[in-house]
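Chemist: Shown below is the structure under consideration.
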Amino acid sequence: MSAMAEVRYRYRLRVSNSQAGLLQAVFDACRFVWNQTLGRWETLWRHEGVSLGYADASRELTDWRSRFEWLAEQPSVPQQQVMRDLYRAISALSDRTNPAGRPRFKSCKAGYTTARWTRRAFKVSGSGLGRAGDRLEVATSAGRIWLRVVWSRPLPTAPSSVTIYRDAAGRWWASFVMRIEVPTGPVQGTGRATGLDVGLDTFATVEDPTHDIPNPRLARAQAKALARSQRRLAANRRARPTGPRRAVVGPGSRPKPPPSGSTSTTRPPAA
């Protein structure tokens, strides 16, 4: 027996400066749609006790795209998807166990750097399964652009959607969603047994030496990275000028008064 399950595969993106500008424009449009829809929903609920439904909000999105030219230039699919996310958060307000709580407005200072494209707004070129040479194609205001993906592993099936976002470190990511078939029945036993020993030199030692798991030595790698960062910081500090700085006296500045008990060396004006 088997069932369908939804899985997500994430990959790094190589994005140029021009592509980053086009993607940021899509992010800004999604943030505008989120804030406008949330504002309309809160206003109607607070003053009239009426909940703005998703169908009415979709009609308002069509009206906004007809009134704002810059919004109509951006693809409509990410805007519809962000509206779906908002109403999914609104519907979860009645759930007391919901950890997200009440949806909030997105600030431009914090940076809203995510958008989702569905099948009619993106495509994986080539094999379509994340093989070498395949690229990601997404819709923007300048048409469809090709993004270079670092395929660390192939996709199991054709993806149904992709979410592109930028993290706090400035790295770009693409997260693909797919549906795969997974077995639901009990796992058949093999009749074989093995031992497992966890150690320092070898992380996991099993009965078959060919399947031993070596120690990844994560602490050593992090220590080397820290040492490189410290050397870079020390080199930057040495490169800065270390001479004494002169005080800049402007036209409106006043000279400091002499310390108490000292004799002023200022000559009196000539008679």
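Ordered as shown in the structure tokens, chains take letters A, B, and onward, while each chain numbers its residues from 1 and ligands are numbered from 1 in the order shown.
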What lies within 12 Å of range 133-140 of chain A using only C-alpha atoms, ignoring chain neighbours under 4 positions off, as a ChimeraX atom specification?

Modeler: /A:11-15,18-27,29,71-79,115-129,144-151,154-155,159,161-164,173-176

Chemist: Step one, run DSSP on the backbone; step two, keep only residues of range 6-161 of chain A assigned to alpha helix (DSSP H); then write them as an MDAnalysis selection string.

Modeler: chainID A and resid 17:47 54:67 69:73 76:91

Chemist: Residues of range 3-237 of chain A classed as strand (DSSP E or B) by DSSP on the backbone are to be reported as JSON, numbers by chain.

Modeler: {"A": [3, 4, 5, 6, 7, 8, 9, 10, 11, 12, 13, 14, 114, 115, 116, 117, 118, 122, 123, 124, 135, 136, 137, 138, 139, 140, 143, 144, 145, 146, 147, 148, 149, 150, 161, 162, 163, 164, 165, 166, 172, 173, 174, 175, 176, 177, 178, 179, 180, 181, 182, 183, 197, 198, 202, 203, 204, 205, 213, 214]}

Chemist: Convert the current residue selection to file output with C-alpha atoms, as a compact mmCIF listing (two decimals), in the first residue's frame.

Modeler:
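In the end it all went to part.txt:
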# COMPACT_ATOMS: atom_id res chain seq x y z
CA ALA A 3 -0.09 7.15 -0.36
CA MET A 4 0.79 10.51 -1.88
CA ALA A 5 2.85 12.90 0.24
CA GLU A 6 4.04 16.45 -0.37
CA VAL A 7 7.80 17.00 -0.12
CA ARG A 8 10.02 20.05 -0.51
CA TYR A 9 13.49 20.20 -2.06
CA ARG A 10 15.67 23.30 -1.57
CA TYR A 11 18.55 24.44 -3.79
CA ARG A 12 20.93 27.40 -3.99
CA LEU A 13 20.48 29.97 -6.76
CA ARG A 14 23.09 31.99 -8.63
CA THR A 114 9.88 35.77 -0.89
CA ALA A 115 7.43 34.87 -3.65
CA ARG A 116 5.86 31.68 -4.97
CA TRP A 117 5.20 30.69 -8.58
CA THR A 118 2.88 27.86 -9.66
CA PHE A 122 7.56 28.83 -13.96
CA LYS A 123 9.32 25.95 -15.70
CA VAL A 124 12.43 23.81 -15.23
CA ARG A 135 17.69 25.97 -15.36
CA LEU A 136 14.75 27.57 -13.62
CA GLU A 137 12.50 29.91 -15.60
CA VAL A 138 10.17 32.30 -13.70
CA ALA A 139 7.88 35.14 -14.78
CA THR A 140 8.84 38.76 -13.94
CA GLY A 143 9.21 38.48 -19.10
CA ARG A 144 10.56 35.11 -18.10
CA ILE A 145 14.13 35.03 -16.82
CA TRP A 146 16.45 32.04 -16.52
CA LEU A 147 18.02 31.37 -13.12
CA ARG A 148 21.00 29.10 -12.57
CA VAL A 149 20.29 26.45 -9.92
CA VAL A 150 22.92 24.48 -8.00
CA SER A 161 5.37 25.17 -7.38
CA VAL A 162 8.59 26.96 -6.52
CA THR A 163 9.28 29.54 -3.82
CA ILE A 164 12.21 31.89 -4.36
CA TYR A 165 13.54 33.81 -1.37
CA ARG A 166 16.64 35.57 -0.06
CA TRP A 172 19.22 33.11 -2.83
CA TRP A 173 17.26 29.86 -2.59
CA ALA A 174 14.65 27.99 -4.61
CA SER A 175 12.30 25.62 -2.80
CA PHE A 176 10.38 23.17 -5.00
CA VAL A 177 7.20 21.38 -3.89
CA MET A 178 6.37 17.94 -5.31
CA ARG A 179 4.01 15.07 -4.62
CA ILE A 180 5.57 11.62 -4.38
CA GLU A 181 4.28 8.17 -3.59
CA VAL A 182 5.39 6.73 -0.25
CA PRO A 183 4.65 3.26 1.14
CA ASP A 197 28.84 1.84 18.06
CA VAL A 198 29.19 5.63 18.29
CA THR A 202 34.44 6.99 13.54
CA PHE A 203 31.03 8.50 14.15
CA ALA A 204 29.13 5.24 13.70
CA THR A 205 30.66 1.77 13.41
CA ILE A 213 30.03 6.56 8.96
CA PRO A 214 33.16 8.74 9.41

Chemist: Calculated over only C-alpha atoms, which of the candidates A:Ala158, A:Trp45, A:Arg131, A:Lys106 has the smallest distance to Ile90 in chain A?

Modeler: A:Trp45

Chemist: Pick the closest to Asp28 in chain A from A:Ala168, A:Ala110, A:Ala100, A:Leu52: which is it, counting only C-alpha atoms?

Modeler: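 Ranking A:Ala168, A:Ala110, A:Ala100, A:Leu52 by distance to Asp28 in chain A, first place goes to A:Ala110.
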
Chemist: Which value, in Å to one decimal, gives the distance between CA of Arg84 in chain A and CA of Gly39 in chain A?

Modeler: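 These two atoms are separated by 15.2 Å.
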
Chemist: Let me make sure I understand: among A:Ser141, A:Asn215, A:Thr43, A:Ser160, which one has the smallest atom-to-atom distance to Glu69 in chain A if we use only C-alpha atoms?

Modeler: A:Ser141
